[in-house]
Amino acid sequence: MPLVSMRQLLDEAAKGGYGVGAFNVNNMEQIQAIMEAARETKSPVIVQASRGARSYSQDKYLYHLMLAAAELYPEIPLVLHLDHGNSVETCKSAIELGFTSVMMDGSLMPDGKTPSSFDYNVKATREVVAMAHAKGITVEGEIGCLGGIEDGHGTGLDGLSHLTDPAQAAEFVKQTGLDALAIAIGTSHGAYKFSKKPTGETLKMDRLIEIHKLLPNTHLVMHGSSSVPKDLQDIINQYGGKLKPTWGVPVEEIQLGIKNGVRKINVDTDNRLAITGAIRKVFAEKPEEFDPRSYLKPAREAMKKVVALRMTQFGQAGHAGDYAPVPLSEMAARYAQKKAA
Ligand code: 13P
């Protein structure tokens, strides 16, 4: 199966009332872990790469690994998505390389740090929508700013500093015509999201519900959605790590989000934790080992377990075979038809 449109995956998820995890990758083992989890749970899947991941992997490597994944797992609808594109040019280069979905994060200026104006965000996102839709490629935008920093991208502020304004979100969707909308409801990238289990004061699920009421047909995206499970933190610390106590987004809150329009859930940190814990364990227990496979295999297996669990919890499990992929040329024709109507 070729790499497919994210819009199609999200439309199908909305029909079926489930969410789809979007998992970040930088290398072969992470892609393998996700694909094995997808096969085991029969899940459609979104694999995403940030600018940092593209530079780490000289993105051609990453792209060809994704082509290999599509060839080896023909039964799995598979999207390659750009996470947090910082400019129109970054989105353009991803589209030219073969990504089937891009995020134009115009909530920040191209430096990836400074919160932007609404007008700037609309202009940049509209430009990407016009360029991407002409090729059948999906566009995610963001309104409001997430907390934290991921791969050098982010305000570095806490998640409550720039929450999404529901009325502004509705206006943004109307003016841009995007496919999926990332909203800020108190989450942050990285391991340190909350200093205790989040409450309605720190994780604003009521705001998400309000946005969904105004935009019932827009696919919402939850970023910063790792749950940072204590057992994964404990493995790292047991084998010499030094993580401070921290809390992520509870899975039941994500499930509440899925009932209220969330179709894409971004997870990176949980997989990083699983990988690091597994590698630390081998290093601590078998200090004589020096074959990278001796620790990369358990790392890959640990990540696969986390991904498979999330696929089941988000509800995408069992849905890989529900539909045939719509070619990107057909998606482009549909966008053109909608625009003309
Ligand atoms: P986490 O750091 O919570 O995994 O979030 C990842 C993310 O939102 C990628 O865009």
# chains A, B, ... in the order shown; residues from 1 in each chain; ligands from 1
>>> residues_near_ligand(ligand="ligand 1", cutoff="6 Å", atoms="only C-alpha atoms and all ligand atoms", output="list of chain:residue names")
A:Asp83, A:His189, A:Gly190, A:His223, A:Gly224, A:Ser225, A:Ser226, A:Asn266, A:Val267, A:Asp268, A:Thr269, A:Asp270
>>> write_last_selection(atoms="C-alpha atoms", output="PDB file, in the first residue's frame")
ATOM      1  CA  ASP A  83       5.352  17.374  12.969  1.00  0.00           C
ATOM      2  CA  HIS A 189       5.834  18.426  25.080  1.00  0.00           C
ATOM      3  CA  GLY A 190       8.314  16.311  27.003  1.00  0.00           C
ATOM      4  CA  HIS A 223      -0.215  17.248  21.253  1.00  0.00           C
ATOM      5  CA  GLY A 224       1.903  16.526  24.303  1.00  0.00           C
ATOM      6  CA  SER A 225      -0.195  13.463  25.011  1.00  0.00           C
ATOM      7  CA  SER A 226       2.269  11.051  26.529  1.00  0.00           C
ATOM      8  CA  ASN A 266       0.692  12.794  19.483  1.00  0.00           C
ATOM      9  CA  VAL A 267       2.961  10.520  21.508  1.00  0.00           C
ATOM     10  CA  ASP A 268       6.738  10.693  21.608  1.00  0.00           C
ATOM     11  CA  THR A 269       7.964  10.887  25.205  1.00  0.00           C
ATOM     12  CA  ASP A 270       6.430   7.550  26.325  1.00  0.00           C
TER      13      ASP A 270
END
>>> residues_around(residues="Ile254 in chain A", least_positions_apart="3", cutoff="12 Å", atoms="only C-alpha atoms", output="JSON, numbers by chain")
{"A": [18, 19, 20, 21, 185, 187, 203, 204, 205, 208, 209, 220, 221, 222, 223, 224, 225, 226, 227, 248, 249, 250, 251, 257, 258, 259, 260, 261, 262, 263, 264, 265, 266, 267, 310, 313, 314, 315]}
>>> write_last_selection(atoms="N, CA and C atoms", output="tab-separated table (two decimals), in the first residue's frame")
chain	number	residue	atom	x	y	z
A	18	TYR	N	-13.16	6.68	16.84
A	18	TYR	CA	-11.92	6.36	17.54
A	18	TYR	C	-10.83	7.40	17.26
A	19	GLY	N	-9.70	7.27	17.95
A	19	GLY	CA	-8.56	8.16	17.75
A	19	GLY	C	-7.41	7.39	17.12
A	20	VAL	N	-6.47	8.13	16.51
A	20	VAL	CA	-5.30	7.49	15.90
A	20	VAL	C	-4.04	8.10	16.52
A	21	GLY	N	-3.19	7.27	17.07
A	21	GLY	CA	-1.92	7.75	17.64
A	21	GLY	C	-0.99	8.20	16.53
A	185	ILE	N	-4.56	23.01	25.44
A	185	ILE	CA	-5.49	22.86	26.57
A	185	ILE	C	-4.73	22.58	27.87
A	187	THR	N	-1.50	21.02	27.87
A	187	THR	CA	-0.45	19.99	27.74
A	187	THR	C	0.86	20.62	27.25
A	203	LEU	N	-5.39	20.66	33.25
A	203	LEU	CA	-5.67	20.04	31.95
A	203	LEU	C	-7.11	20.38	31.59
A	204	LYS	N	-7.25	21.28	30.62
A	204	LYS	CA	-8.55	21.92	30.38
A	204	LYS	C	-9.41	21.13	29.41
A	205	MET	N	-9.92	19.99	29.86
A	205	MET	CA	-10.76	19.19	28.98
A	205	MET	C	-12.08	19.90	28.68
A	208	LEU	N	-11.62	21.86	25.61
A	208	LEU	CA	-11.64	20.98	24.42
A	208	LEU	C	-13.09	20.70	24.01
A	209	ILE	N	-13.91	20.41	25.00
A	209	ILE	CA	-15.32	20.09	24.72
A	209	ILE	C	-16.03	21.31	24.11
A	220	LEU	N	-9.81	17.24	15.74
A	220	LEU	CA	-8.94	17.89	16.73
A	220	LEU	C	-7.71	17.03	17.00
A	221	VAL	N	-6.61	17.69	17.33
A	221	VAL	CA	-5.34	17.01	17.59
A	221	VAL	C	-4.87	17.36	19.00
A	222	MET	N	-4.53	16.35	19.75
A	222	MET	CA	-3.94	16.57	21.08
A	222	MET	C	-2.44	16.33	20.99
A	223	HIS	N	-1.68	17.38	21.17
A	223	HIS	CA	-0.21	17.25	21.25
A	223	HIS	C	0.16	17.02	22.72
A	224	GLY	N	1.41	16.68	22.93
A	224	GLY	CA	1.90	16.53	24.30
A	224	GLY	C	1.09	15.50	25.07
A	225	SER	N	0.75	14.40	24.41
A	225	SER	CA	-0.20	13.46	25.01
A	225	SER	C	0.42	12.18	25.54
A	226	SER	N	1.70	12.22	25.85
A	226	SER	CA	2.27	11.05	26.53
A	226	SER	C	1.71	10.98	27.95
A	227	SER	N	1.56	9.78	28.43
A	227	SER	CA	1.02	9.59	29.77
A	227	SER	C	2.13	9.49	30.82
A	248	GLY	N	2.01	12.75	33.37
A	248	GLY	CA	1.61	13.04	31.99
A	248	GLY	C	0.10	13.17	31.88
A	249	VAL	N	-0.40	12.95	30.67
A	249	VAL	CA	-1.84	13.05	30.42
A	249	VAL	C	-2.46	11.67	30.64
A	250	PRO	N	-3.36	11.53	31.61
A	250	PRO	CA	-3.95	10.21	31.86
A	250	PRO	C	-4.70	9.70	30.62
A	251	VAL	N	-4.58	8.41	30.36
A	251	VAL	CA	-5.22	7.84	29.16
A	251	VAL	C	-6.73	8.08	29.18
A	257	GLY	N	-11.33	12.93	25.38
A	257	GLY	CA	-11.08	13.78	24.20
A	257	GLY	C	-11.58	13.10	22.93
A	258	ILE	N	-11.30	11.81	22.81
A	258	ILE	CA	-11.70	11.07	21.60
A	258	ILE	C	-13.24	11.08	21.47
A	259	LYS	N	-13.92	11.04	22.59
A	259	LYS	CA	-15.40	11.14	22.54
A	259	LYS	C	-15.85	12.53	22.11
A	260	ASN	N	-14.91	13.50	22.15
A	260	ASN	CA	-15.25	14.89	21.84
A	260	ASN	C	-14.40	15.45	20.70
A	261	GLY	N	-14.24	14.66	19.66
A	261	GLY	CA	-13.65	15.19	18.42
A	261	GLY	C	-12.16	15.02	18.24
A	262	VAL	N	-11.44	14.47	19.25
A	262	VAL	CA	-10.00	14.26	19.06
A	262	VAL	C	-9.78	13.04	18.18
A	263	ARG	N	-9.07	13.23	17.08
A	263	ARG	CA	-8.82	12.12	16.15
A	263	ARG	C	-7.35	11.77	16.04
A	264	LYS	N	-6.46	12.68	16.41
A	264	LYS	CA	-5.02	12.43	16.32
A	264	LYS	C	-4.40	12.74	17.68
A	265	ILE	N	-3.63	11.79	18.16
A	265	ILE	CA	-3.02	11.94	19.49
A	265	ILE	C	-1.52	11.76	19.35
A	266	ASN	N	-0.77	12.82	19.68
A	266	ASN	CA	0.69	12.79	19.48
A	266	ASN	C	1.41	12.20	20.69
A	267	VAL	N	2.22	11.20	20.43
A	267	VAL	CA	2.96	10.52	21.51
A	267	VAL	C	4.42	10.33	21.07
A	310	ARG	N	-1.18	1.78	23.38
A	310	ARG	CA	-1.86	3.05	23.03
A	310	ARG	C	-2.84	2.83	21.86
A	313	GLN	N	-5.84	1.45	23.37
A	313	GLN	CA	-6.54	2.43	24.22
A	313	GLN	C	-7.19	3.55	23.40
A	314	PHE	N	-6.58	3.93	22.28
A	314	PHE	CA	-7.15	5.00	21.45
A	314	PHE	C	-8.28	4.48	20.54
A	315	GLY	N	-8.39	3.17	20.41
A	315	GLY	CA	-9.51	2.59	19.66
A	315	GLY	C	-9.20	2.30	18.19
>>> closest_residue(among="A:Pro110, A:Gly200, A:Gly321, A:Pro327", to="Tyr73 in chain A", atoms="only C-alpha atoms")
A:Gly321
>>> atom_distance(atom1="CA of Val4 in chain A", atom2="CA of Glu71 in chain A")
12.7 Å
>>> select_by_dssp(residues="range 23-266 of chain A", states="alpha helix (DSSP H)", output="number ranges by chain")
A: 28-41, 51-56, 60-72, 88-97, 118-133, 166-176, 205-214, 230-238, 251-259
>>> closest_atom_pairs(of="range 64-141 of chain A", to="range 8-12 of chain A", cutoff="9 Å", atoms="only C-alpha atoms", output="tab-separated table")
residue	atom	partner	partner_atom	distance
A:Pro77	CA	A:Leu9	CA	7.8
A:Leu78	CA	A:Leu9	CA	8.7
A:Val79	CA	A:Leu9	CA	8.3
A:Thr138	CA	A:Gln8	CA	8.8
>>> closest_residue(among="A:Gly240, A:Pro298, A:His133, A:Val228", to="Leu273 in chain A", atoms="only C-alpha atoms")
A:Val228
>>> select_by_dssp(residues="range 7-187 of chain A", states="strand (DSSP E or B)", output="ChimeraX atom specification")
/A:20-24,45-49,78-85,101-104,108,115,138-143,145,147,150,153,162,180-183
>>> atom_distance(atom1="CA of Leu243 in chain A", atom2="CA of Pro292 in chain A")
24.1 Å
>>> residues_around(residues="Glu330 in chain A", least_positions_apart="2", cutoff="12 Å", atoms="only C-alpha atoms", output="ChimeraX atom specification")
/A:4-5,8,133-137,325-328,332-337
>>> residues_around(residues="Lys113 in chain A", least_positions_apart="3", cutoff="6 Å", atoms="only C-alpha atoms", output="ChimeraX atom specification")
/A:108,154-155
>>> write_last_selection(atoms="C-alpha atoms", output="CSV table (one decimal), in the first residue's frame")
chain,number,residue,atom,x,y,z
A,108,LEU,CA,4.8,30.4,16.5
A,154,GLY,CA,8.3,25.4,21.4
A,155,THR,CA,7.8,28.4,23.7
>>> closest_residue(among="A:Gly148, A:Pro44, A:Gly112, A:Pro245", to="Ser161 in chain A", atoms="only C-alpha atoms")
A:Gly148
>>> closest_residue(among="A:Asp119, A:Glu253, A:Asp234, A:Asp59", to="Lys281 in chain A", atoms="only C-alpha atoms")
A:Asp234
>>> residues_around(residues="Phe118 in chain A", least_positions_apart="3", cutoff="12 Å", atoms="only C-alpha atoms", output="NGL selection string")
:A and (105-109 or 115 or 121-125 or 142-145 or 164-165 or 168-169 or 171-173 or 175-176)
>>> closest_residue(among="A:Thr41, A:Tyr239, A:Tyr192, A:Ala317", to="Ile279 in chain A", atoms="only C-alpha atoms")
A:Tyr239
>>> residues_around(residues="Ser188 in chain A", least_positions_apart="3", cutoff="7 Å", atoms="only C-alpha atoms", output="PyMOL selection string")
chain A and resi 146-148+158-159+193+224
>>> write_last_selection(atoms="C-alpha atoms", output="PDB file, in the first residue's frame")
ATOM      1  CA  LEU A 146       1.555  24.228  23.631  1.00  0.00           C
ATOM      2  CA  GLY A 147       3.878  24.296  26.580  1.00  0.00           C
ATOM      3  CA  GLY A 148       7.439  22.999  26.724  1.00  0.00           C
ATOM      4  CA  ASP A 158       3.963  26.181  30.730  1.00  0.00           C
ATOM      5  CA  GLY A 159       0.943  24.713  28.962  1.00  0.00           C
ATOM      6  CA  LYS A 193       4.066  18.203  31.965  1.00  0.00           C
ATOM      7  CA  GLY A 224       1.903  16.526  24.303  1.00  0.00           C
TER       8      GLY A 224
END
>>> decode(residues="range 140-160 of chain A", atoms="N, CA, C and O atoms", output="short mmCIF file (atom, residue, chain, number, x, y, z; two decimals), in the first residue's frame")
data_model
loop_
_atom_site.label_atom_id
_atom_site.label_comp_id
_atom_site.auth_asym_id
_atom_site.auth_seq_id
_atom_site.Cartn_x
_atom_site.Cartn_y
_atom_site.Cartn_z
N GLU A 140 -2.35 19.99 8.94
CA GLU A 140 -2.71 20.25 10.33
C GLU A 140 -2.21 21.65 10.68
O GLU A 140 -1.10 22.03 10.28
N GLY A 141 -3.02 22.41 11.41
CA GLY A 141 -2.58 23.72 11.90
C GLY A 141 -2.68 23.76 13.40
O GLY A 141 -3.18 22.81 14.03
N GLU A 142 -2.23 24.84 13.99
CA GLU A 142 -2.31 24.96 15.46
C GLU A 142 -2.75 26.37 15.84
O GLU A 142 -2.27 27.35 15.29
N ILE A 143 -3.66 26.42 16.82
CA ILE A 143 -4.07 27.72 17.35
C ILE A 143 -3.98 27.67 18.86
O ILE A 143 -4.42 26.71 19.48
N GLY A 144 -3.37 28.73 19.46
CA GLY A 144 -2.94 28.64 20.85
C GLY A 144 -1.58 27.98 20.84
O GLY A 144 -1.17 27.43 19.80
N CYS A 145 -0.82 28.03 21.93
CA CYS A 145 0.53 27.44 21.94
C CYS A 145 0.66 26.40 23.04
O CYS A 145 0.26 26.62 24.18
N LEU A 146 1.27 25.28 22.65
CA LEU A 146 1.56 24.23 23.63
C LEU A 146 2.65 24.69 24.57
O LEU A 146 3.41 25.60 24.24
N GLY A 147 2.77 23.99 25.68
CA GLY A 147 3.88 24.30 26.58
C GLY A 147 5.11 23.48 26.21
O GLY A 147 5.07 22.60 25.35
N GLY A 148 6.22 23.80 26.85
CA GLY A 148 7.44 23.00 26.72
C GLY A 148 8.16 23.20 25.41
O GLY A 148 7.83 24.08 24.60
N ILE A 149 9.19 22.38 25.21
CA ILE A 149 10.00 22.45 24.00
C ILE A 149 10.20 21.02 23.51
O ILE A 149 10.43 20.12 24.31
N GLU A 150 10.07 20.81 22.21
CA GLU A 150 10.32 19.49 21.65
C GLU A 150 11.30 19.65 20.50
O GLU A 150 11.03 20.40 19.56
N ASP A 151 12.42 18.97 20.58
CA ASP A 151 13.42 19.06 19.52
C ASP A 151 13.73 20.52 19.16
O ASP A 151 13.80 20.89 17.99
N GLY A 152 13.82 21.37 20.18
CA GLY A 152 14.15 22.77 19.94
C GLY A 152 12.96 23.62 19.52
O GLY A 152 13.09 24.83 19.33
N HIS A 153 11.77 23.02 19.38
CA HIS A 153 10.59 23.76 18.94
C HIS A 153 9.65 23.95 20.12
O HIS A 153 9.29 23.00 20.79
N GLY A 154 9.25 25.20 20.38
CA GLY A 154 8.28 25.44 21.45
C GLY A 154 8.61 26.70 22.22
O GLY A 154 9.73 27.19 22.18
N THR A 155 7.60 27.20 22.94
CA THR A 155 7.77 28.45 23.68
C THR A 155 8.63 28.26 24.92
O THR A 155 9.21 29.22 25.43
N GLY A 156 8.67 27.02 25.44
CA GLY A 156 9.36 26.79 26.70
C GLY A 156 8.52 27.24 27.90
O GLY A 156 8.94 27.12 29.04
N LEU A 157 7.32 27.77 27.62
CA LEU A 157 6.45 28.23 28.72
C LEU A 157 5.60 27.06 29.21
O LEU A 157 5.60 25.99 28.61
N ASP A 158 4.82 27.29 30.30
CA ASP A 158 3.96 26.18 30.73
C ASP A 158 2.74 26.11 29.82
O ASP A 158 2.46 27.04 29.05
N GLY A 159 2.02 24.98 29.91
CA GLY A 159 0.94 24.71 28.96
C GLY A 159 -0.26 25.63 29.10
O GLY A 159 -1.15 25.61 28.25
N LEU A 160 -0.32 26.44 30.17
CA LEU A 160 -1.51 27.27 30.39
C LEU A 160 -1.33 28.70 29.90
O LEU A 160 -2.25 29.51 29.96
#
